Every structure is written in structure tokens, then in C-alpha cells.
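Participant: Got protein.cif for you, mmCIF, C-alpha atoms and all ligand atoms:
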```cif
data_entry
loop_
_atom_site.group_PDB
_atom_site.id
_atom_site.type_symbol
_atom_site.label_atom_id
_atom_site.label_comp_id
_atom_site.auth_asym_id
_atom_site.auth_seq_id
_atom_site.Cartn_x
_atom_site.Cartn_y
_atom_site.Cartn_z
ATOM 1 C CA MET A 1 0.000 0.000 0.000
ATOM 2 C CA SER A 2 1.365 3.372 -0.891
ATOM 3 C CA VAL A 3 0.962 6.391 1.314
ATOM 4 C CA ASP A 4 -1.266 8.001 -1.271
ATOM 5 C CA GLN A 5 -4.183 5.630 -0.929
ATOM 6 C CA SER A 6 -4.051 5.575 2.824
ATOM 7 C CA ASN A 7 -4.155 9.363 2.749
ATOM 8 C CA LEU A 8 -7.331 9.459 0.744
ATOM 9 C CA ILE A 9 -9.490 6.403 1.409
ATOM 10 C CA ASP A 10 -10.843 6.071 4.933
ATOM 11 C CA LEU A 11 -9.275 2.680 5.583
ATOM 12 C CA ASP A 12 -10.368 2.586 9.203
ATOM 13 C CA ARG A 13 -13.968 2.653 8.114
ATOM 14 C CA TYR A 14 -13.411 0.754 4.850
ATOM 15 C CA PRO A 15 -10.529 -1.725 5.346
ATOM 16 C CA ILE A 16 -10.482 -2.866 1.728
ATOM 17 C CA HIS A 17 -6.749 -3.577 2.061
ATOM 18 C CA LEU A 18 -7.330 -6.283 4.692
ATOM 19 C CA PRO A 19 -9.262 -8.954 2.784
ATOM 20 C CA SER A 20 -8.800 -11.627 5.420
ATOM 21 C CA SER A 21 -10.105 -9.505 8.268
ATOM 22 C CA HIS A 22 -13.480 -9.888 9.912
ATOM 23 C CA GLU A 23 -14.148 -6.187 9.222
ATOM 24 C CA TYR A 24 -13.555 -6.708 5.514
ATOM 25 C CA ARG A 25 -15.991 -9.587 5.382
ATOM 26 C CA GLU A 26 -18.600 -7.498 7.154
ATOM 27 C CA LEU A 27 -18.099 -4.568 4.795
ATOM 28 C CA LEU A 28 -18.320 -6.855 1.806
ATOM 29 C CA ALA A 29 -21.489 -8.508 3.089
ATOM 30 C CA GLN A 30 -23.128 -5.111 3.696
ATOM 31 C CA THR A 31 -22.175 -3.827 0.269
ATOM 32 C CA GLN A 32 -23.400 -6.993 -1.422
ATOM 33 C CA ALA A 33 -26.654 -6.804 0.504
ATOM 34 C CA GLN A 34 -27.250 -3.237 -0.692
ATOM 35 C CA LEU A 35 -26.544 -4.281 -4.281
ATOM 36 C CA ASN A 36 -28.849 -7.268 -4.001
ATOM 37 C CA ASP A 37 -31.627 -5.208 -2.418
ATOM 38 C CA ASP A 38 -31.827 -2.427 -4.940
ATOM 39 C CA GLY A 39 -28.835 -2.498 -7.251
ATOM 40 C CA CYS A 40 -27.117 0.372 -5.506
ATOM 41 C CA ALA A 41 -24.470 0.492 -2.808
ATOM 42 C CA VAL A 42 -23.130 3.668 -1.241
ATOM 43 C CA LEU A 43 -19.963 3.846 0.821
ATOM 44 C CA ARG A 44 -20.414 7.173 2.596
ATOM 45 C CA GLY A 45 -17.237 9.120 3.224
ATOM 46 C CA PHE A 46 -15.098 6.619 1.326
ATOM 47 C CA VAL A 47 -12.799 9.596 0.911
ATOM 48 C CA PRO A 48 -13.460 11.607 4.069
ATOM 49 C CA ALA A 49 -14.626 15.204 3.761
ATOM 50 C CA GLU A 50 -11.363 16.649 5.050
ATOM 51 C CA ARG A 51 -9.397 14.926 2.257
ATOM 52 C CA ILE A 52 -11.716 15.554 -0.652
ATOM 53 C CA ALA A 53 -10.242 18.996 -1.394
ATOM 54 C CA VAL A 54 -7.241 17.251 -2.979
ATOM 55 C CA LEU A 55 -9.551 15.598 -5.508
ATOM 56 C CA ALA A 56 -11.662 18.720 -6.028
ATOM 57 C CA ASP A 57 -8.471 20.677 -6.796
ATOM 58 C CA GLU A 58 -7.406 17.998 -9.235
ATOM 59 C CA ALA A 59 -10.784 18.113 -10.978
ATOM 60 C CA ASP A 60 -10.681 21.923 -11.013
ATOM 61 C CA SER A 61 -7.289 21.921 -12.682
ATOM 62 C CA VAL A 62 -8.550 19.924 -15.687
ATOM 63 C CA ALA A 63 -12.254 20.795 -15.762
ATOM 64 C CA ASP A 64 -11.850 23.100 -18.735
ATOM 65 C CA LEU A 65 -10.502 20.184 -20.767
ATOM 66 C CA GLY A 66 -13.873 18.480 -20.614
ATOM 67 C CA HIS A 67 -15.380 17.642 -23.979
ATOM 68 C CA ARG A 68 -18.974 18.786 -24.235
ATOM 69 C CA SER A 69 -21.579 16.855 -26.122
ATOM 70 C CA PHE A 70 -25.301 17.400 -26.356
ATOM 71 C CA ASN A 71 -28.039 15.183 -27.634
ATOM 72 C CA LYS A 72 -31.653 14.317 -27.262
ATOM 73 C CA THR A 73 -32.310 10.849 -26.024
ATOM 74 C CA ASN A 74 -35.053 8.567 -24.805
ATOM 75 C CA VAL A 75 -34.474 6.387 -21.748
ATOM 76 C CA TYR A 76 -33.183 3.563 -23.962
ATOM 77 C CA PHE A 77 -30.773 5.555 -26.183
ATOM 78 C CA THR A 78 -32.667 4.312 -29.221
ATOM 79 C CA ARG A 79 -34.024 6.109 -32.281
ATOM 80 C CA ASP A 80 -37.561 7.370 -32.535
ATOM 81 C CA ASN A 81 -40.021 4.699 -33.554
ATOM 82 C CA PRO A 82 -43.207 6.092 -35.137
ATOM 83 C CA ASP A 83 -44.919 2.692 -34.800
ATOM 84 C CA TYR A 84 -45.676 3.579 -31.174
ATOM 85 C CA PRO A 85 -48.049 6.225 -29.800
ATOM 86 C CA GLU A 86 -46.540 9.654 -29.246
ATOM 87 C CA ASN A 87 -46.387 9.511 -25.458
ATOM 88 C CA HIS A 88 -44.883 6.009 -25.318
ATOM 89 C CA PRO A 89 -41.543 5.926 -23.417
ATOM 90 C CA LEU A 90 -39.769 4.865 -26.619
ATOM 91 C CA ARG A 91 -40.848 8.166 -28.179
ATOM 92 C CA ARG A 92 -40.117 10.546 -25.330
ATOM 93 C CA PHE A 93 -36.877 12.414 -25.815
ATOM 94 C CA PHE A 94 -35.012 14.589 -23.304
ATOM 95 C CA ASP A 95 -32.010 16.884 -23.529
ATOM 96 C CA ARG A 96 -28.818 15.311 -22.347
ATOM 97 C CA SER A 97 -25.485 17.051 -21.982
ATOM 98 C CA ASN A 98 -22.111 15.644 -20.985
ATOM 99 C CA SER A 99 -18.747 17.143 -20.355
ATOM 100 C CA PHE A 100 -16.198 14.413 -19.800
ATOM 101 C CA VAL A 101 -12.572 15.126 -18.971
ATOM 102 C CA PRO A 102 -10.732 12.346 -20.829
ATOM 103 C CA ALA A 103 -8.674 9.866 -18.842
ATOM 104 C CA ASP A 104 -5.305 10.878 -20.272
ATOM 105 C CA ASN A 105 -5.595 14.006 -18.132
ATOM 106 C CA PHE A 106 -5.262 11.741 -15.099
ATOM 107 C CA GLY A 107 -1.710 10.499 -15.317
ATOM 108 C CA VAL A 108 0.508 8.520 -12.971
ATOM 109 C CA ASP A 109 0.532 11.347 -10.420
ATOM 110 C CA SER A 110 -3.236 11.649 -10.331
ATOM 111 C CA ARG A 111 -4.764 10.944 -6.939
ATOM 112 C CA LEU A 112 -7.987 9.953 -8.672
ATOM 113 C CA ARG A 113 -6.137 7.399 -10.759
ATOM 114 C CA ASN A 114 -4.273 6.214 -7.693
ATOM 115 C CA ILE A 115 -7.491 4.974 -6.140
ATOM 116 C CA TYR A 116 -8.588 3.277 -9.364
ATOM 117 C CA GLU A 117 -5.301 1.459 -9.890
ATOM 118 C CA TRP A 118 -4.913 0.302 -6.338
ATOM 119 C CA ARG A 119 -5.367 -3.459 -6.563
ATOM 120 C CA HIS A 120 -7.350 -3.609 -3.335
ATOM 121 C CA PHE A 121 -9.880 -1.196 -4.789
ATOM 122 C CA SER A 122 -10.714 -3.225 -7.877
ATOM 123 C CA THR A 123 -10.698 -6.476 -5.924
ATOM 124 C CA PHE A 124 -13.192 -5.091 -3.452
ATOM 125 C CA VAL A 125 -15.504 -3.737 -6.156
ATOM 126 C CA GLN A 126 -15.277 -7.012 -8.079
ATOM 127 C CA GLN A 127 -16.207 -9.019 -4.996
ATOM 128 C CA ALA A 128 -19.014 -6.626 -4.120
ATOM 129 C CA LEU A 129 -20.477 -7.065 -7.588
ATOM 130 C CA ALA A 130 -19.711 -10.804 -7.570
ATOM 131 C CA GLU A 131 -18.376 -10.533 -11.120
ATOM 132 C CA GLU A 132 -16.195 -13.356 -12.340
ATOM 133 C CA ARG A 133 -14.604 -11.502 -15.214
ATOM 134 C CA PHE A 134 -13.584 -8.039 -14.115
ATOM 135 C CA PHE A 135 -10.773 -5.863 -15.428
ATOM 136 C CA ARG A 136 -9.765 -2.255 -15.393
ATOM 137 C CA TYR A 137 -10.699 -0.685 -18.701
ATOM 138 C CA ALA A 138 -7.847 -0.670 -21.233
ATOM 139 C CA ASP A 139 -9.090 2.551 -22.849
ATOM 140 C CA PRO A 140 -6.603 5.375 -22.161
ATOM 141 C CA LEU A 141 -9.270 8.032 -22.755
ATOM 142 C CA ALA A 142 -11.990 6.404 -20.696
ATOM 143 C CA ASP A 143 -10.727 4.343 -17.757
ATOM 144 C CA VAL A 144 -10.780 7.197 -15.212
ATOM 145 C CA ILE A 145 -12.765 10.271 -16.183
ATOM 146 C CA VAL A 146 -14.442 13.198 -14.520
ATOM 147 C CA ASN A 147 -17.877 14.327 -15.484
ATOM 148 C CA VAL A 148 -18.202 18.089 -15.161
ATOM 149 C CA ALA A 149 -21.784 19.339 -15.005
ATOM 150 C CA GLU A 150 -23.064 22.879 -14.729
ATOM 151 C CA GLU A 151 -26.334 24.620 -14.106
ATOM 152 C CA GLY A 152 -28.770 23.658 -16.808
ATOM 153 C CA ALA A 153 -26.940 20.419 -17.558
ATOM 154 C CA GLY A 154 -28.621 17.200 -16.788
ATOM 155 C CA PHE A 155 -28.751 13.485 -16.931
ATOM 156 C CA PRO A 156 -32.397 12.833 -17.732
ATOM 157 C CA TRP A 157 -34.083 9.507 -16.986
ATOM 158 C CA HIS A 158 -32.368 6.517 -18.592
ATOM 159 C CA PHE A 159 -31.329 2.903 -18.280
ATOM 160 C CA ASP A 160 -27.569 2.400 -18.581
ATOM 161 C CA THR A 161 -26.262 0.324 -21.465
ATOM 162 C CA ASN A 162 -23.586 -1.216 -19.227
ATOM 163 C CA ASN A 163 -24.183 -3.436 -16.210
ATOM 164 C CA TYR A 164 -22.567 -1.396 -13.480
ATOM 165 C CA THR A 165 -20.966 1.960 -12.765
ATOM 166 C CA VAL A 166 -18.502 2.961 -10.072
ATOM 167 C CA THR A 167 -18.526 6.651 -9.237
ATOM 168 C CA LEU A 168 -16.942 8.888 -6.651
ATOM 169 C CA ALA A 169 -18.692 12.159 -5.827
ATOM 170 C CA ILE A 170 -16.155 14.974 -5.681
ATOM 171 C CA GLN A 171 -18.104 18.211 -5.620
ATOM 172 C CA ASN A 172 -21.801 19.049 -5.639
ATOM 173 C CA ALA A 173 -23.481 21.954 -7.388
ATOM 174 C CA ASP A 174 -24.929 24.666 -5.159
ATOM 175 C CA ALA A 175 -28.343 23.049 -5.405
ATOM 176 C CA GLY A 176 -30.010 20.166 -7.182
ATOM 177 C CA GLY A 177 -28.197 17.072 -8.404
ATOM 178 C CA ALA A 178 -29.982 14.447 -6.330
ATOM 179 C CA PHE A 179 -29.745 10.965 -7.796
ATOM 180 C CA GLU A 180 -33.159 9.379 -8.339
ATOM 181 C CA TYR A 181 -33.587 5.729 -9.222
ATOM 182 C CA CYS A 182 -36.233 3.048 -9.500
ATOM 183 C CA PRO A 183 -34.726 -0.291 -8.530
ATOM 184 C CA ASN A 184 -35.319 -3.105 -11.005
ATOM 185 C CA LEU A 185 -38.026 -1.306 -12.923
ATOM 186 C CA ARG A 186 -37.497 -3.596 -15.905
ATOM 187 C CA THR A 187 -36.179 -7.116 -16.336
ATOM 188 C CA PRO A 188 -34.531 -8.851 -19.295
ATOM 189 C CA GLU A 189 -37.996 -10.282 -20.074
ATOM 190 C CA ASP A 190 -40.238 -7.314 -19.392
ATOM 191 C CA GLU A 191 -39.710 -3.644 -20.320
ATOM 192 C CA ASN A 192 -42.551 -2.645 -17.974
ATOM 193 C CA TYR A 193 -43.451 0.344 -20.161
ATOM 194 C CA ASP A 194 -46.383 1.397 -17.946
ATOM 195 C CA ALA A 195 -44.112 1.825 -14.952
ATOM 196 C CA VAL A 196 -41.542 3.710 -17.047
ATOM 197 C CA GLU A 197 -44.279 5.997 -18.300
ATOM 198 C CA ALA A 198 -45.424 6.659 -14.720
ATOM 199 C CA VAL A 199 -41.904 7.752 -13.792
ATOM 200 C CA LEU A 200 -41.650 10.038 -16.825
ATOM 201 C CA ASP A 201 -45.040 11.537 -15.938
ATOM 202 C CA GLY A 202 -43.964 12.170 -12.352
ATOM 203 C CA ARG A 203 -46.603 9.879 -10.861
ATOM 204 C CA SER A 204 -44.544 6.856 -9.871
ATOM 205 C CA THR A 205 -44.306 5.682 -6.281
ATOM 206 C CA GLN A 206 -41.174 3.656 -6.994
ATOM 207 C CA VAL A 207 -38.634 6.491 -7.143
ATOM 208 C CA LYS A 208 -35.885 6.498 -4.508
ATOM 209 C CA THR A 209 -33.747 9.552 -3.868
ATOM 210 C CA LEU A 210 -30.098 9.559 -2.949
ATOM 211 C CA VAL A 211 -28.197 12.712 -2.094
ATOM 212 C CA LEU A 212 -24.522 11.972 -2.427
ATOM 213 C CA GLN A 213 -21.907 14.049 -0.653
ATOM 214 C CA PRO A 214 -18.342 14.641 -1.811
ATOM 215 C CA GLY A 215 -16.282 11.555 -0.969
ATOM 216 C CA ASP A 216 -19.155 9.073 -1.255
ATOM 217 C CA LEU A 217 -18.487 6.050 -3.454
ATOM 218 C CA GLN A 218 -21.426 4.629 -5.381
ATOM 219 C CA ILE A 219 -21.626 1.235 -7.037
ATOM 220 C CA PHE A 220 -24.718 1.138 -9.210
ATOM 221 C CA LYS A 221 -26.280 -1.476 -11.452
ATOM 222 C CA GLY A 222 -28.121 0.782 -13.878
ATOM 223 C CA ARG A 223 -29.211 -1.518 -16.676
ATOM 224 C CA TYR A 224 -32.535 -2.423 -15.087
ATOM 225 C CA SER A 225 -33.002 0.562 -12.773
ATOM 226 C CA LEU A 226 -34.318 3.722 -14.398
ATOM 227 C CA HIS A 227 -32.384 6.699 -13.016
ATOM 228 C CA ARG A 228 -31.533 10.361 -13.446
ATOM 229 C CA VAL A 229 -29.656 13.235 -11.853
ATOM 230 C CA LYS A 230 -32.006 16.091 -10.975
ATOM 231 C CA PRO A 231 -31.238 19.447 -12.604
ATOM 232 C CA LEU A 232 -28.431 21.513 -11.088
ATOM 233 C CA SER A 233 -28.477 25.133 -10.100
ATOM 234 C CA GLY A 234 -25.990 27.746 -8.967
ATOM 235 C CA PRO A 235 -22.535 28.629 -10.235
ATOM 236 C CA ARG A 236 -20.622 25.740 -8.636
ATOM 237 C CA ARG A 237 -19.855 22.855 -10.955
ATOM 238 C CA ARG A 238 -20.664 19.264 -10.076
ATOM 239 C CA TYR A 239 -17.742 16.836 -10.365
ATOM 240 C CA VAL A 240 -18.096 13.073 -10.386
ATOM 241 C CA ALA A 241 -15.256 10.652 -11.098
ATOM 242 C CA ILE A 242 -16.232 7.591 -13.090
ATOM 243 C CA TYR A 243 -14.167 4.420 -12.761
ATOM 244 C CA SER A 244 -14.777 1.920 -15.542
ATOM 245 C CA PHE A 245 -14.345 -1.823 -15.256
ATOM 246 C CA VAL A 246 -15.101 -4.315 -17.981
ATOM 247 C CA GLU A 247 -15.419 -8.025 -18.646
ATOM 248 C CA GLU A 248 -12.643 -8.273 -21.238
ATOM 249 C CA PRO A 249 -9.057 -7.177 -20.605
ATOM 250 C CA ALA A 250 -8.161 -5.601 -23.966
ATOM 251 C CA MET A 251 -11.358 -3.765 -24.830
ATOM 252 C CA VAL A 252 -11.433 -0.098 -25.784
ATOM 253 C CA GLY A 253 -14.272 2.123 -27.026
ATOM 254 C CA SER A 254 -15.200 2.270 -30.694
ATOM 255 C CA PRO A 255 -13.703 5.194 -32.657
ATOM 256 C CA GLU A 256 -17.183 6.699 -33.272
ATOM 257 C CA ARG A 257 -18.257 6.602 -29.664
ATOM 258 C CA THR A 258 -14.877 7.787 -28.427
ATOM 259 C CA ARG A 259 -14.938 10.793 -30.718
ATOM 260 C CA GLN A 260 -18.456 11.618 -29.625
ATOM 261 C CA LEU A 261 -17.642 11.460 -25.901
ATOM 262 C CA TYR A 262 -14.062 12.775 -25.834
ATOM 263 C CA GLY A 263 -13.720 14.761 -29.045
ATOM 264 C CA ARG A 264 -10.761 12.754 -30.318
ATOM 265 C CA VAL A 265 -9.455 9.210 -30.789
ATOM 266 C CA LEU A 266 -6.060 7.591 -30.252
ATOM 267 C CA PRO A 267 -4.318 4.997 -32.447
ATOM 268 C CA ILE A 268 -5.421 2.271 -30.035
ATOM 269 C CA HIS A 269 -9.052 3.032 -30.876
ATOM 270 C CA THR A 270 -8.613 2.742 -34.608
ATOM 271 C CA ASP A 271 -6.237 -0.254 -34.309
ATOM 272 C CA ARG A 272 -8.652 -2.170 -32.153
ATOM 273 C CA ALA A 273 -11.822 -1.140 -33.940
ATOM 274 C CA GLY A 274 -13.850 -4.291 -34.212
ATOM 275 C CA MET A 275 -13.194 -5.408 -30.654
ATOM 276 C CA ARG A 276 -16.216 -3.457 -29.513
ATOM 277 C CA GLY A 277 -16.268 -2.126 -25.989
ATOM 278 C CA ASP A 278 -18.541 0.818 -25.391
ATOM 279 C CA THR A 279 -18.655 0.398 -21.685
ATOM 280 C CA LEU A 280 -18.753 3.969 -20.590
ATOM 281 C CA ILE A 281 -21.845 4.795 -18.645
ATOM 282 C CA ASP A 282 -24.890 5.929 -20.480
HETATM 283 O O1 LIG A 301 -23.447 11.553 -12.699
HETATM 284 C C1 LIG A 301 -24.043 10.652 -12.107
HETATM 285 O O2 LIG A 301 -24.173 10.646 -10.875
HETATM 286 C C2 LIG A 301 -24.616 9.483 -12.870
HETATM 287 C C3 LIG A 301 -24.892 9.829 -14.285
HETATM 288 C C4 LIG A 301 -25.461 8.664 -15.028
HETATM 289 O O3 LIG A 301 -26.376 8.032 -14.628
HETATM 290 C C5 LIG A 301 -24.868 8.250 -16.303
HETATM 291 O O4 LIG A 301 -24.010 8.967 -16.829
HETATM 292 O O5 LIG A 301 -25.224 7.191 -16.810
HETATM 293 FE FE FE A 302 -26.678 6.225 -15.841
#
```
Would you put the structure from the file into C-alpha cells?

Facilitator:
Amino acid sequence: MSVDQSNLIDLDRYPIHLPSSHEYRELLAQTQAQLNDDGCAVLRGFVPAERIAVLADEADSVADLGHRSFNKTNVYFTRDNPDYPENHPLRRFFDRSNSFVPADNFGVDSRLRNIYEWRHFSTFVQQALAEERFFRYADPLADVIVNVAEEGAGFPWHFDTNNYTVTLAIQNADAGGAFEYCPNLRTPEDENYDAVEAVLDGRSTQVKTLVLQPGDLQIFKGRYSLHRVKPLSGPRRRYVAIYSFVEEPAMVGSPERTRQLYGRVLPIHTDRAGMRGDTLID
């Protein structure tokens, strides 16, 4: 263990570096139980409040390098389908905006990267998710990124296209930004369109709200749980670090998707085109 990780992660509360300890087994059991219950686990104060400034400063120093992209999307990220009635969830489109700081801005000295690359971190997350195949993402633009969001920006309701997401809250906006989710609203067999429509209409009783504070780690299984980030307000930017893990060791994003999200591609993306791996959250 290097000094860096012990400086940032609250290892007294979250002894992820002591896998044979009783405390580790308890932590793992609790995290797994949260994931089993509603597909979402939160480790509050994973980086304690008094240490988060280091990460906020790091995000601040590269925030302007975020690549902005805007689109209109339904909750499924699919095209409009005129075969359905106009108010069907498949046909309801919302503004979505992203600003992702690409991962090559988080180099070997990055404290954010430090956490991601610490072997105890990925082992813990893998065990929590009970995933057999689990690797850090080989994409040098996408393995560790920061999402920068400002007033007016939003993540409207959606189902993720990947199975799980690991995020670390770094800074909240002045107001807004609560995470809302509906655990297991759909299944592989049933899209449950009526329930999705109720959420979009604001009349669902299945919405849970989570207000994350800087330093909280979230492990979220978003493929079956409809979710959004409520609109932000005020001048302060919201920063969230996204740590990507995948099922195949050599995967990188497709050139098209990479250009869309990060504004550029690297030789590795064009060389490996064909080994598809669009695992970034959305
Ligand atoms: O920023 C967040 O907290 C989560 C955003 C999200 O759900 C996504 O990008 O898929
Ligand atoms: Fe999502």
C-alpha cells in the first residue's frame, strides 16, 4: 500500500486492504446486501470530507478540458419509432449534456487514478459485484474520467447500457443534483413500459432519492433501474469521477463513440476497432 491511498481512502472505516479480516468480510457482506436489495451500494465518506479537497483541486485543474456533447435521447438511447403512440416511453426524448474530462488528463501522479489502480480497490468492487470476469478498462481516454456538469446540464431519466458503474462524488453543485432511481423497474424479459411511463409523468411511487456528498463512493447497477440526476443550479460545478471496469481485458471504445464522448481518438481506438467495448456509462 502506498501512502497516497491511505491518505485518501478512509481505511479505518473501509478496510479494503485487509481482505482476510473480519471487518472486511462485514463490509463486503453489507455492500453486497445493498446491491442485491436495490442495485445500488453507497460507501459514505469513502474519501473523508477533510481529504476531498485534494480531488476537487485535481478536478478543477482539468475541468476546462472536458469535452462537451449534447443530444436528445429517450431512456433507452434508441431512435424514434413512429410505430408507437406519441407519449410512449420509446418516443419521449429529453435533452442530455455531458462534459467528460478524458482519462489521459489523469496520469501517474493523479490521486484519482491512484485509487482506481490500487489493486485492493478493484478487488473489493469485483467481490461486491460478484463478477467473475472483471478488469480495469484498457481505454486510455476512458478508464478514469471526470464528469463536469453545470447549471442547466442534466442526466435525464435513462437505463444504462452497461451493467454497473462505479462513481466517486467529488463536488456538488450549489443546489439540485440528487440521484433518483427506481430499482429493477425492468427485467430482461419485461420492459414494464407502464411503470416507465409513470416515472416520466412524475406519478410513480417507486422512485428512490439519494443525495450523495463529496467523498461518497457509489456502485450502481443501472441496466434495469431507471435513473436520473435532478437538474443543477448555482454557479458551482458538479464533479463526479467515473471508474470503468469491464469483462474483457483488452477492450477499448469504438472510434465513433470515443470521438463523440471525448472529441478525439487515439491509435489504439482505430487499431482495435472491431473489438467493440462501449462500456462507458450511459
Ligand atoms: O453523474 C451521475 O451521478 C450518474 C450519471 C449517469 O447516470 C450516467 O451517466 O449514466
Ligand atoms: Fe446512468

Participant: Once you count only C-alpha atoms, which residues end up no further than 12 Å from (-17.7, 10.9, -29.2) in the file's frame, shown as a PyMOL selection string?

Facilitator: chain A and resi 67-71+98-100+102+141-142+253-265+269+278+280

Participant: Would you put the residues from that selection into a file with C-alpha atoms, as a PDB file, keeping the file's coordinate frame?

Facilitator:
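Final file, part32.pdb:
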```
ATOM      1  CA  HIS A  67     -15.380  17.642 -23.979  1.00  0.00           C
ATOM      2  CA  ARG A  68     -18.974  18.786 -24.235  1.00  0.00           C
ATOM      3  CA  SER A  69     -21.579  16.855 -26.122  1.00  0.00           C
ATOM      4  CA  PHE A  70     -25.301  17.400 -26.356  1.00  0.00           C
ATOM      5  CA  ASN A  71     -28.039  15.183 -27.634  1.00  0.00           C
ATOM      6  CA  ASN A  98     -22.111  15.644 -20.985  1.00  0.00           C
ATOM      7  CA  SER A  99     -18.747  17.143 -20.355  1.00  0.00           C
ATOM      8  CA  PHE A 100     -16.198  14.413 -19.800  1.00  0.00           C
ATOM      9  CA  PRO A 102     -10.732  12.346 -20.829  1.00  0.00           C
ATOM     10  CA  LEU A 141      -9.270   8.032 -22.755  1.00  0.00           C
ATOM     11  CA  ALA A 142     -11.990   6.404 -20.696  1.00  0.00           C
ATOM     12  CA  GLY A 253     -14.272   2.123 -27.026  1.00  0.00           C
ATOM     13  CA  SER A 254     -15.200   2.270 -30.694  1.00  0.00           C
ATOM     14  CA  PRO A 255     -13.703   5.194 -32.657  1.00  0.00           C
ATOM     15  CA  GLU A 256     -17.183   6.699 -33.272  1.00  0.00           C
ATOM     16  CA  ARG A 257     -18.257   6.602 -29.664  1.00  0.00           C
ATOM     17  CA  THR A 258     -14.877   7.787 -28.427  1.00  0.00           C
ATOM     18  CA  ARG A 259     -14.938  10.793 -30.718  1.00  0.00           C
ATOM     19  CA  GLN A 260     -18.456  11.618 -29.625  1.00  0.00           C
ATOM     20  CA  LEU A 261     -17.642  11.460 -25.901  1.00  0.00           C
ATOM     21  CA  TYR A 262     -14.062  12.775 -25.834  1.00  0.00           C
ATOM     22  CA  GLY A 263     -13.720  14.761 -29.045  1.00  0.00           C
ATOM     23  CA  ARG A 264     -10.761  12.754 -30.318  1.00  0.00           C
ATOM     24  CA  VAL A 265      -9.455   9.210 -30.789  1.00  0.00           C
ATOM     25  CA  HIS A 269      -9.052   3.032 -30.876  1.00  0.00           C
ATOM     26  CA  ASP A 278     -18.541   0.818 -25.391  1.00  0.00           C
ATOM     27  CA  LEU A 280     -18.753   3.969 -20.590  1.00  0.00           C
TER      28      LEU A 280
END
```

Participant: With only C-alpha atoms and all ligand atoms as the basis for distance, which of A:Leu200, A:Ala149, A:Ala273, A:Ile268 is at the shortest distance from ligand LIG 301 (chain A)?

Facilitator: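 Checking each candidate against ligand LIG 301 (chain A), we get A:Ala149 as the closest.
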
Participant: Evaluate the PyMOL selection byres (((chain A and resi 74) around 7) and not hetatm) and record the selected residues as JSON, numbers by chain, following the chain and residue labels used in the document.

Facilitator: {"A": [73, 75, 76, 77, 78, 90, 91, 92, 93, 94]}

Participant: Measuring between all atoms listed in the file, which one of A:Asp194, A:Asp37, A:Glu189, A:Asp160 shows the shortest distance to ligand FE 302 (chain A)?

Facilitator: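 Residue with the minimum atom-to-atom distance to ligand FE 302 (chain A): A:Asp160.
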
Participant: Using all atoms listed in the file, pick whichever of A:Asn7, A:Asn147, A:Ser110, A:Ser204 has the shortest atom-to-atom distance to Glu50 (chain A).

Facilitator: A:Asn7

Participant: Select from chain A every residue with an atom at most 8 Å from any atom of ligand FE 302 (chain A), then for each give the shortest pair of atoms and their distance in Å to one decimal, using all atoms listed in the file, rows by chain and rising number, as CSV.

Facilitator:
```
residue,atom,partner,partner_atom,distance
A:Phe155,CA,A:FE302,FE,7.6
A:His158,CA,A:FE302,FE,6.3
A:Phe159,CA,A:FE302,FE,6.2
A:Asp160,CA,A:FE302,FE,4.8
A:Thr165,CA,A:FE302,FE,7.8
A:Gly222,CA,A:FE302,FE,6.0
A:His227,CA,A:FE302,FE,6.4
A:Arg228,CA,A:FE302,FE,6.8
A:Ile281,CA,A:FE302,FE,5.8
A:Asp282,CA,A:FE302,FE,5.0
```

Participant: Given 6 Å on each side, where is the centre and what are the edge lengths in Å to one decimal of the axis-aligned box enclosing the listed atoms of ligand LIG 301 (chain A), as JSON?

Facilitator:
```
{"center_x": -24.9, "center_y": 9.4, "center_z": -13.9, "size_x": 14.9, "size_y": 16.4, "size_z": 18.0}
```

Participant: If I take CA of Arg51 (chain A) and CA of Phe245 (chain A), how far is one from the other in Å, to one decimal?

Facilitator: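 Interatomic distance here is 24.7 Å.
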